[in-house]
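Peer 1: Dropping in run22.txt, with compact mmCIF, C-alpha atoms and all ligand atoms.
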```txt
# COMPACT_ATOMS: atom_id res chain seq x y z
CA MET A 1 0.00 0.00 0.00
CA GLN A 2 1.41 3.35 -1.12
CA LEU A 3 0.60 6.14 1.34
CA PRO A 4 -0.11 9.57 -0.17
CA THR A 5 2.65 12.14 0.29
CA TYR A 6 2.94 15.91 0.57
CA ASP A 7 3.50 16.01 -3.23
CA ASP A 8 -0.04 14.65 -3.57
CA VAL A 9 -1.29 17.48 -1.33
CA VAL A 10 0.46 19.99 -3.59
CA ALA A 11 -1.12 18.38 -6.70
CA ALA A 12 -4.53 18.45 -5.00
CA ALA A 13 -4.12 22.15 -4.20
CA ALA A 14 -3.59 22.85 -7.91
CA ARG A 15 -6.68 20.80 -8.87
CA ILE A 16 -9.04 22.49 -6.41
CA ALA A 17 -7.70 26.02 -7.04
CA GLY A 18 -10.50 28.21 -8.37
CA HIS A 19 -13.13 25.69 -7.25
CA ALA A 20 -12.66 25.47 -3.46
CA HIS A 21 -12.59 28.62 -1.35
CA HIS A 22 -9.30 29.71 0.15
CA THR A 23 -10.87 30.00 3.61
CA PRO A 24 -9.91 32.72 6.09
CA VAL A 25 -7.59 32.27 9.07
CA LEU A 26 -9.27 34.12 11.93
CA ARG A 27 -7.77 35.30 15.22
CA SER A 28 -9.42 35.87 18.60
CA ALA A 29 -7.88 38.28 21.09
CA THR A 30 -10.22 36.81 23.73
CA ALA A 31 -9.00 33.25 23.13
CA ASP A 32 -5.37 34.39 23.07
CA ALA A 33 -5.77 36.24 26.38
CA ARG A 34 -7.74 33.47 28.08
CA TRP A 35 -5.26 30.68 27.23
CA GLY A 36 -2.05 32.73 26.93
CA ALA A 37 -1.50 31.38 23.43
CA GLN A 38 -1.65 32.64 19.85
CA PHE A 39 -4.52 30.90 18.08
CA PHE A 40 -4.91 30.67 14.30
CA PHE A 41 -8.34 29.33 13.33
CA LYS A 42 -8.56 27.88 9.82
CA CYS A 43 -12.26 28.35 9.16
CA GLU A 44 -13.49 25.51 6.97
CA ASN A 45 -17.02 26.24 8.16
CA PHE A 46 -16.75 28.90 5.41
CA GLN A 47 -15.69 26.32 2.80
CA ARG A 48 -18.07 25.51 -0.07
CA MET A 49 -20.93 23.32 1.22
CA GLY A 50 -19.84 24.28 4.72
CA ALA A 51 -16.98 21.90 5.48
CA PHE A 52 -13.45 20.90 4.44
CA LYS A 53 -14.81 17.72 2.81
CA PHE A 54 -15.31 19.59 -0.47
CA ARG A 55 -11.51 19.60 -0.85
CA GLY A 56 -11.07 15.84 -0.79
CA ALA A 57 -14.18 15.03 -2.81
CA PHE A 58 -13.43 17.53 -5.56
CA ASN A 59 -9.84 16.34 -5.79
CA ALA A 60 -10.92 12.70 -6.06
CA LEU A 61 -13.70 13.28 -8.61
CA SER A 62 -11.57 15.54 -10.79
CA ARG A 63 -9.19 12.59 -11.33
CA PHE A 64 -11.92 10.40 -12.92
CA ASP A 65 -11.39 9.27 -16.53
CA ALA A 66 -14.09 9.70 -19.19
CA ALA A 67 -15.86 6.39 -18.44
CA GLN A 68 -15.92 7.11 -14.70
CA ARG A 69 -17.31 10.60 -15.30
CA LYS A 70 -20.10 9.18 -17.43
CA ALA A 71 -21.27 6.66 -14.77
CA GLY A 72 -20.62 9.04 -11.89
CA ALA A 73 -19.68 8.83 -8.22
CA ILE A 74 -21.27 6.95 -5.32
CA ALA A 75 -20.61 7.58 -1.64
CA PHE A 76 -21.90 6.62 1.81
CA SER A 77 -21.85 9.31 4.48
CA SER A 78 -23.59 10.64 7.56
CA GLY A 79 -23.54 14.09 6.06
CA ASN A 80 -20.75 16.37 4.94
CA HIS A 81 -19.00 13.90 2.63
CA ALA A 82 -22.37 13.35 0.97
CA GLN A 83 -22.76 17.04 0.25
CA ALA A 84 -19.14 17.29 -0.84
CA VAL A 85 -19.49 14.49 -3.41
CA ALA A 86 -22.88 15.80 -4.54
CA LEU A 87 -21.59 19.34 -5.13
CA SER A 88 -18.32 18.19 -6.72
CA ALA A 89 -20.23 15.88 -9.08
CA ARG A 90 -22.55 18.71 -10.08
CA LEU A 91 -19.65 21.08 -10.72
CA LEU A 92 -17.84 18.43 -12.78
CA GLY A 93 -21.03 17.49 -14.66
CA MET A 94 -21.44 13.87 -13.52
CA PRO A 95 -24.18 11.92 -11.69
CA ALA A 96 -23.92 11.21 -7.95
CA LEU A 97 -25.68 8.67 -5.73
CA ILE A 98 -25.40 9.03 -1.95
CA VAL A 99 -26.20 6.35 0.64
CA MET A 100 -27.18 8.14 3.88
CA PRO A 101 -28.43 7.03 7.32
CA GLN A 102 -32.14 7.64 7.97
CA ASP A 103 -31.28 9.69 11.07
CA ALA A 104 -28.79 12.05 9.36
CA PRO A 105 -29.37 15.71 10.31
CA ALA A 106 -32.23 17.19 8.30
CA ALA A 107 -30.12 20.06 7.00
CA LYS A 108 -27.56 17.64 5.58
CA LEU A 109 -30.17 15.46 3.87
CA ALA A 110 -31.86 18.47 2.30
CA ALA A 111 -28.58 19.97 1.15
CA THR A 112 -27.42 16.72 -0.46
CA ARG A 113 -30.63 16.46 -2.46
CA GLY A 114 -30.39 20.18 -3.18
CA TYR A 115 -27.05 19.65 -4.93
CA GLY A 116 -28.83 17.29 -7.30
CA ALA A 117 -27.66 13.94 -5.97
CA GLU A 118 -29.88 10.87 -5.76
CA VAL A 119 -30.19 9.74 -2.11
CA VAL A 120 -30.74 6.17 -0.83
CA LEU A 121 -31.49 5.89 2.93
CA TYR A 122 -30.49 3.01 5.27
CA ASP A 123 -30.75 2.14 8.98
CA ARG A 124 -27.43 2.90 10.67
CA PHE A 125 -27.95 0.40 13.49
CA THR A 126 -29.15 -2.65 11.52
CA GLU A 127 -28.00 -2.40 7.90
CA ASP A 128 -24.51 -2.79 6.45
CA ARG A 129 -24.05 0.42 4.50
CA GLU A 130 -20.84 -0.75 2.84
CA ALA A 131 -22.48 -3.86 1.41
CA LEU A 132 -25.45 -1.82 0.19
CA THR A 133 -23.17 0.79 -1.38
CA LEU A 134 -20.97 -1.81 -3.09
CA ARG A 135 -24.05 -3.50 -4.56
CA LEU A 136 -25.39 -0.19 -5.94
CA ALA A 137 -21.93 0.73 -7.27
CA ALA A 138 -21.67 -2.60 -9.13
CA GLU A 139 -25.20 -2.32 -10.54
CA ARG A 140 -24.59 1.17 -11.94
CA GLY A 141 -20.88 1.06 -12.70
CA MET A 142 -20.31 4.04 -10.39
CA THR A 143 -16.97 4.78 -8.70
CA LEU A 144 -17.06 4.61 -4.90
CA ILE A 145 -15.43 7.52 -3.12
CA PRO A 146 -15.04 6.63 0.57
CA PRO A 147 -15.30 9.45 3.12
CA TYR A 148 -11.72 9.23 4.36
CA ASP A 149 -9.70 6.16 3.43
CA HIS A 150 -8.64 7.12 -0.10
CA PRO A 151 -5.32 8.71 -1.17
CA ASP A 152 -7.00 11.45 -3.25
CA VAL A 153 -9.42 12.28 -0.42
CA ILE A 154 -6.59 12.48 2.13
CA ALA A 155 -4.46 14.63 -0.21
CA GLY A 156 -7.39 16.99 -0.79
CA GLN A 157 -8.11 17.35 2.92
CA GLY A 158 -4.43 18.19 3.49
CA THR A 159 -4.78 21.38 1.44
CA ALA A 160 -6.49 23.18 4.36
CA ALA A 161 -3.47 22.80 6.66
CA LYS A 162 -1.19 23.65 3.72
CA GLU A 163 -3.02 26.97 3.23
CA LEU A 164 -3.01 27.61 6.98
CA ILE A 165 0.73 27.12 7.51
CA GLU A 166 1.64 28.96 4.30
CA GLU A 167 -0.34 31.92 5.64
CA THR A 168 0.77 31.89 9.29
CA GLY A 169 4.32 30.57 9.03
CA PRO A 170 5.52 27.78 11.31
CA LEU A 171 3.20 26.72 14.12
CA ASP A 172 4.15 25.00 17.38
CA ARG A 173 1.04 22.88 17.60
CA LEU A 174 -1.76 21.95 15.22
CA TYR A 175 -5.11 20.54 16.42
CA VAL A 176 -7.38 18.71 13.99
CA CYS A 177 -10.84 17.11 14.30
CA THR A 178 -10.62 13.32 13.90
CA GLY A 179 -13.34 11.01 12.62
CA GLY A 180 -12.00 8.44 10.18
CA GLY A 181 -8.77 10.42 10.05
CA GLY A 182 -8.82 11.84 6.52
CA LEU A 183 -8.46 15.44 7.66
CA THR A 184 -5.97 14.49 10.37
CA SER A 185 -3.71 12.46 8.08
CA GLY A 186 -3.82 15.05 5.29
CA SER A 187 -3.06 17.82 7.79
CA ALA A 188 -0.16 15.81 9.18
CA LEU A 189 1.33 15.43 5.68
CA ALA A 190 1.19 19.21 5.23
CA ALA A 191 2.53 19.99 8.70
CA ARG A 192 5.45 17.55 8.43
CA ALA A 193 6.50 19.16 5.14
CA LEU A 194 5.92 22.83 5.98
CA ALA A 195 6.57 22.99 9.73
CA PRO A 196 8.64 19.95 10.76
CA GLN A 197 8.80 21.09 14.40
CA CYS A 198 5.02 21.45 14.69
CA LYS A 199 3.32 18.89 16.91
CA VAL A 200 0.13 17.52 15.39
CA TYR A 201 -2.83 16.32 17.45
CA GLY A 202 -6.03 14.66 16.39
CA VAL A 203 -9.06 15.24 18.62
CA GLU A 204 -12.01 12.87 18.81
CA PRO A 205 -15.10 12.49 21.01
CA GLU A 206 -14.55 10.74 24.35
CA ALA A 207 -17.37 8.31 23.54
CA GLY A 208 -15.72 7.34 20.26
CA ASN A 209 -11.98 7.19 21.00
CA ASP A 210 -11.14 4.48 18.47
CA ALA A 211 -8.27 6.51 16.97
CA GLN A 212 -6.70 7.01 20.40
CA GLN A 213 -7.06 3.30 21.14
CA SER A 214 -5.61 2.45 17.73
CA LEU A 215 -2.56 4.68 18.23
CA ARG A 216 -1.89 3.11 21.65
CA ALA A 217 -2.48 -0.47 20.42
CA GLY A 218 -0.49 -0.07 17.19
CA ARG A 219 -3.36 -1.54 15.14
CA ILE A 220 -6.77 -0.35 13.92
CA VAL A 221 -9.26 -0.78 16.78
CA HIS A 222 -12.96 -1.11 15.88
CA ILE A 223 -15.69 0.22 18.22
CA PRO A 224 -19.52 0.21 18.17
CA VAL A 225 -21.27 3.31 16.75
CA PRO A 226 -20.43 5.95 19.40
CA GLN A 227 -23.17 8.11 20.95
CA THR A 228 -21.96 11.71 20.73
CA ILE A 229 -23.21 15.08 19.50
CA ALA A 230 -20.23 15.09 17.10
CA ASP A 231 -22.15 13.34 14.30
CA GLY A 232 -19.31 13.80 11.81
CA ALA A 233 -17.00 11.77 14.05
CA GLN A 234 -19.24 8.77 14.75
CA THR A 235 -16.81 6.59 12.84
CA GLN A 236 -16.11 3.09 14.13
CA HIS A 237 -12.52 2.80 12.97
CA LEU A 238 -9.66 4.50 11.12
CA GLY A 239 -8.76 3.37 7.60
CA GLU A 240 -5.62 1.60 6.38
CA TYR A 241 -4.25 4.77 4.75
CA THR A 242 -5.28 7.15 7.50
CA PHE A 243 -3.92 4.91 10.26
CA GLY A 244 -0.65 4.44 8.33
CA ILE A 245 -0.10 8.21 8.22
CA ILE A 246 -1.46 8.95 11.69
CA ARG A 247 0.79 6.40 13.43
CA ARG A 248 3.82 7.84 11.63
CA ASP A 249 3.09 11.58 11.63
CA VAL A 250 0.64 12.42 14.42
CA ASP A 251 1.99 13.05 17.93
CA ASP A 252 -1.11 12.01 19.86
CA ILE A 253 -4.88 11.72 19.78
CA LEU A 254 -6.80 13.63 22.47
CA THR A 255 -10.44 13.27 23.47
CA VAL A 256 -13.11 15.74 24.61
CA SER A 257 -16.57 15.34 26.12
CA ASP A 258 -19.82 16.51 24.53
CA ALA A 259 -20.01 19.20 27.24
CA GLN A 260 -16.61 20.53 26.17
CA LEU A 261 -17.81 20.60 22.55
CA VAL A 262 -20.79 22.72 23.56
CA GLU A 263 -18.44 25.06 25.47
CA ALA A 264 -16.36 25.53 22.31
CA MET A 265 -19.48 25.96 20.19
CA ARG A 266 -20.67 28.69 22.53
CA PHE A 267 -17.27 30.41 22.36
CA PHE A 268 -17.33 30.44 18.54
CA ALA A 269 -20.88 31.83 18.52
CA GLU A 270 -20.45 34.43 21.24
CA ARG A 271 -16.90 35.67 20.65
CA MET A 272 -16.25 34.97 16.97
CA LYS A 273 -19.80 35.18 15.58
CA MET A 274 -19.41 31.82 13.88
CA VAL A 275 -21.83 28.91 13.58
CA VAL A 276 -19.69 25.80 14.02
CA GLU A 277 -21.18 22.30 14.09
CA PRO A 278 -20.37 20.07 17.10
CA THR A 279 -17.83 17.99 15.16
CA GLY A 280 -16.19 21.19 13.97
CA CYS A 281 -15.52 22.14 17.59
CA LEU A 282 -13.38 19.07 18.38
CA ALA A 283 -10.00 20.64 17.57
CA PHE A 284 -10.52 23.82 19.58
CA ALA A 285 -12.01 21.91 22.52
CA GLY A 286 -8.98 19.60 22.41
CA ALA A 287 -6.54 22.53 22.39
CA CYS A 288 -8.34 24.03 25.41
CA THR A 289 -7.95 20.80 27.41
CA ASP A 290 -4.21 21.05 26.65
CA ALA A 291 -4.01 24.37 28.58
CA GLN A 292 -0.51 23.86 30.02
CA ALA A 293 1.00 22.85 26.70
CA ILE A 294 -0.47 25.65 24.57
CA ARG A 295 0.65 28.47 26.90
CA GLY A 296 3.01 30.71 24.89
CA ALA A 297 2.60 28.60 21.76
CA ARG A 298 1.48 29.37 18.21
CA VAL A 299 -1.51 27.10 17.89
CA GLY A 300 -3.27 26.14 14.65
CA VAL A 301 -6.87 24.97 14.97
CA ILE A 302 -8.79 23.52 12.05
CA VAL A 303 -12.45 24.47 12.42
CA SER A 304 -13.73 21.71 10.21
CA GLY A 305 -17.36 22.60 9.42
CA GLY A 306 -20.51 24.56 10.15
CA ASN A 307 -23.40 22.40 8.98
CA VAL A 308 -25.84 22.02 11.85
CA ASP A 309 -29.61 21.97 11.95
CA LEU A 310 -30.43 25.36 13.52
CA ALA A 311 -33.11 23.99 15.89
CA ARG A 312 -30.60 21.42 17.17
CA TYR A 313 -27.92 24.12 17.44
CA ALA A 314 -30.23 26.26 19.57
CA ASP A 315 -31.07 23.27 21.78
CA LEU A 316 -27.42 22.45 22.34
CA LEU A 317 -26.52 26.04 23.23
CA ALA A 318 -29.52 26.21 25.59
CA GLY A 319 -28.37 23.01 27.31
CA ARG A 320 -31.38 21.00 26.14
C1 LIG A 401 -16.00 14.41 8.35
C2 LIG A 401 -15.81 15.49 9.33
C3 LIG A 401 -14.81 15.39 10.32
C4 LIG A 401 -13.93 14.18 10.46
O1 LIG A 401 -13.10 14.03 9.34
P1 LIG A 401 -12.35 12.67 9.05
O2 LIG A 401 -11.59 12.91 7.80
O3 LIG A 401 -13.38 11.59 8.90
O4 LIG A 401 -11.48 12.40 10.23
C5 LIG A 401 -14.65 16.47 11.17
N1 LIG A 401 -15.44 17.57 11.09
C6 LIG A 401 -16.40 17.68 10.16
C7 LIG A 401 -17.21 18.92 10.14
C8 LIG A 401 -16.62 16.66 9.25
O5 LIG A 401 -17.57 16.77 8.34
```
Would you kindly transcribe this structure into structure tokens?
Ligand SMILES: *Cc1c(COP(=O)(O)O)cnc(C)c1O
Peer 2:
Amino acid sequence: MQLPTYDDVVAAAARIAGHAHHTPVLRSATADARWGAQFFFKCENFQRMGAFKFRGAFNALSRFDAAQRKAGAIAFSSGNHAQAVALSARLLGMPALIVMPQDAPAAKLAATRGYGAEVVLYDRFTEDREALTLRLAAERGMTLIPPYDHPDVIAGQGTAAKELIEETGPLDRLYVCTGGGGLTSGSALAARALAPQCKVYGVEPEAGNDAQQSLRAGRIVHIPVPQTIADGAQTQHLGEYTFGIIRRDVDDILTVSDAQLVEAMRFFAERMKMVVEPTGCLAFAGACTDAQAIRGARVGVIVSGGNVDLARYADLLAGR
């Protein structure tokens, strides 16, 4: 198995240029003062379709040959990857079919259909989505783009950290939201190349700490579907590619509670006027639990997405 490299991140950056937004890096004097650090927030909640996943999906789909473009792309996802593949397919003029859980957030379902993709629903707790997706892919000759464990997806996701470090200069620490590890492994490729001294941390929900367990065990650990408000990180295991990069290039995996995610969400809303979805708060919440270590440091935080049903967002902020 050939792991993607930083060269692949550079190639991805060229492919997505002019299609993906170059998202802003925001600062917060309040955060800096409160934690005695210098924070640089890479705001992928302002990316097209509202999350970094557009980067990986567009990179992967833009590498299709003529036959693949004609049949189109198929994906399974609890949300943002679905929208990313749907939008990328529309922009590249190809069909898309998305297999989504019945209980996916309403906003994400509506958006995926809104981008023109066909949606097939399944029951997350009883049905095998991978088997269903593979069957549909075979029937229609579509190319499966997995949400994280694919070299082109990982390389695309790495372009966010590349932009961040190119803009800020070397960082001491970089915190990244971890689900299946696509964003984390891509970010690690960029950080290792552009800021070799920078420590890289993945952050996942306490209830779903499979990546942390995997790093400690030295093999990919599988867990049951975790119950957490971070719906974009309800993954049950890392992938072969993402684990290969994470074990080599990531310093550690931290965990945060749902309550800490809500704290971070409130901070983004109140102080930075940003709507950030629970999963998008993982990295900042993780940095905040690392209070000793970040003091005096230049800290990169990837704010990974902002797609949240507004009624649910209000409930979470109100403590309901
Ligand atoms: C998918 C997603 C993640 C997790 O990314 P992985 O590449 O699966 O680790 C984090 N935040 C948001 C907003 C996401 O959509």
Peer 1: Would you mind listing the residues within 6 Å of ligand LIG 401 (chain A), counting only C-alpha atoms and all ligand atoms, as a list of chain:residue names?
Peer 2: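 With only C-alpha atoms and all ligand atoms and a cut-off of 6 Å, ligand LIG 401 (chain A) is contacted by A:Ala51, A:Asn80, A:Tyr148, A:Cys177, A:Thr178, A:Gly179, A:Gly180, A:Gly181, A:Gly182, A:Leu183, A:Thr184, A:Gly232, A:Ala233, A:Thr279, A:Gly280, A:Ser304, A:Gly305.
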Peer 1: Compile the contact shell of Gln292 in chain A as a PyMOL selection string: residues with an atom at most 9 Å away, counting all atoms listed in the file, same-chain residues fewer than 3 positions apart removed.
Peer 2: chain A and resi 35+289+295
Peer 1: With distances taken over only C-alpha atoms, which residue among A:Cys43, A:Ala67, A:Ala33, A:Ala107 lies nearest Met94 in chain A?
Peer 2: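 That would be A:Ala67, the residue with the smallest distance to Met94 in chain A.
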Peer 1: Measure the distance from CA of Val25 in chain A to CA of Ala293 in chain A in Å and round it to one decimal.
Peer 2: 21.8 Å
Peer 1: CA of Phe54 in chain A and CA of Ala84 in chain A, how far apart in Å?
Peer 2: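 CA of Phe54 in chain A lies at a distance of 4.5 Å from CA of Ala84 in chain A.
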Peer 1: Give me, please, the distance in Å between CA of Gly36 in chain A and CA of Ala297 in chain A, quoted to one decimal.
Peer 2: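 Rounded to one decimal, the two atoms are 8.1 Å apart.
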Peer 1: Of the candidates A:Leu282, A:Ala73, A:Ala57, A:Ala259, which one gets nearest to Arg320 in chain A if we count all atoms listed in the file?
Peer 2: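 Closest residue, counting all atoms listed in the file: A:Ala259.
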Peer 1: Identify which of the residues A:Lys53, A:His222, A:Arg90, A:Arg298 lies closest to Pro147 in chain A, counting only C-alpha atoms when measuring atom-to-atom distances.
Peer 2: A:Lys53
Peer 1: Given only C-alpha atoms as the basis, pick out the residue of A:Ala60, A:Leu121, A:Ala11, A:Ala104 nearest to Pro146 in chain A.
Peer 2: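 Ranking A:Ala60, A:Leu121, A:Ala11, A:Ala104 by distance to Pro146 in chain A, first place goes to A:Ala60.
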Peer 1: Select, from A:Arg216, A:Lys199, A:Arg113, A:Arg15, the residue with the minimum atom-to-atom distance to Ala287 in chain A, counting all atoms listed in the file.
Peer 2: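 The shortest atom-to-atom distance to Ala287 in chain A comes from A:Lys199.
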Peer 1: Once you count only C-alpha atoms, which residues end up no further than 10 Å from (-8.2, 37.7, 19.4) in the file's frame, shown as a ChimeraX atom specification?
Peer 2: /A:26-34,38-40,271-272
Peer 1: Counting only C-alpha atoms, figure out which residue out of A:Ile294, A:Leu215, A:Val250, A:Leu317 gets nearest to Phe268 in chain A.
Peer 2: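 Among A:Ile294, A:Leu215, A:Val250, A:Leu317, it is A:Leu317 that comes nearest to Phe268 in chain A.
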Peer 1: What's around Arg129 in chain A at 9 Å? Count all atoms listed in the file, leave out sequence neighbours fewer than 2 positions away in its own chain, and write the answer as a PyMOL selection string.
Peer 2: chain A and resi 76+99-101+122-124+127+131-134
Peer 1: At a cut-off of 9 Å, using all atoms listed in the file, what residues contact Ile253 in chain A? Leave out same-chain residues fewer than 3 positions from it and give the result as a VMD selection string.
Peer 2: chain A and resid 178 200 to 204 209 211 to 213 215 250
Peer 1: Just the residues within 12 Å of Gly319 in chain A, please, counting only C-alpha atoms, with nothing from its chain fewer than 4 positions along; format it as a list in words.
Peer 2: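 Listing them by chain and then by number gives Asp258, Ala259, Leu261, Val262, Glu263, Met265, Arg266, Arg312, Tyr313, Ala314 and Asp315 of chain A.
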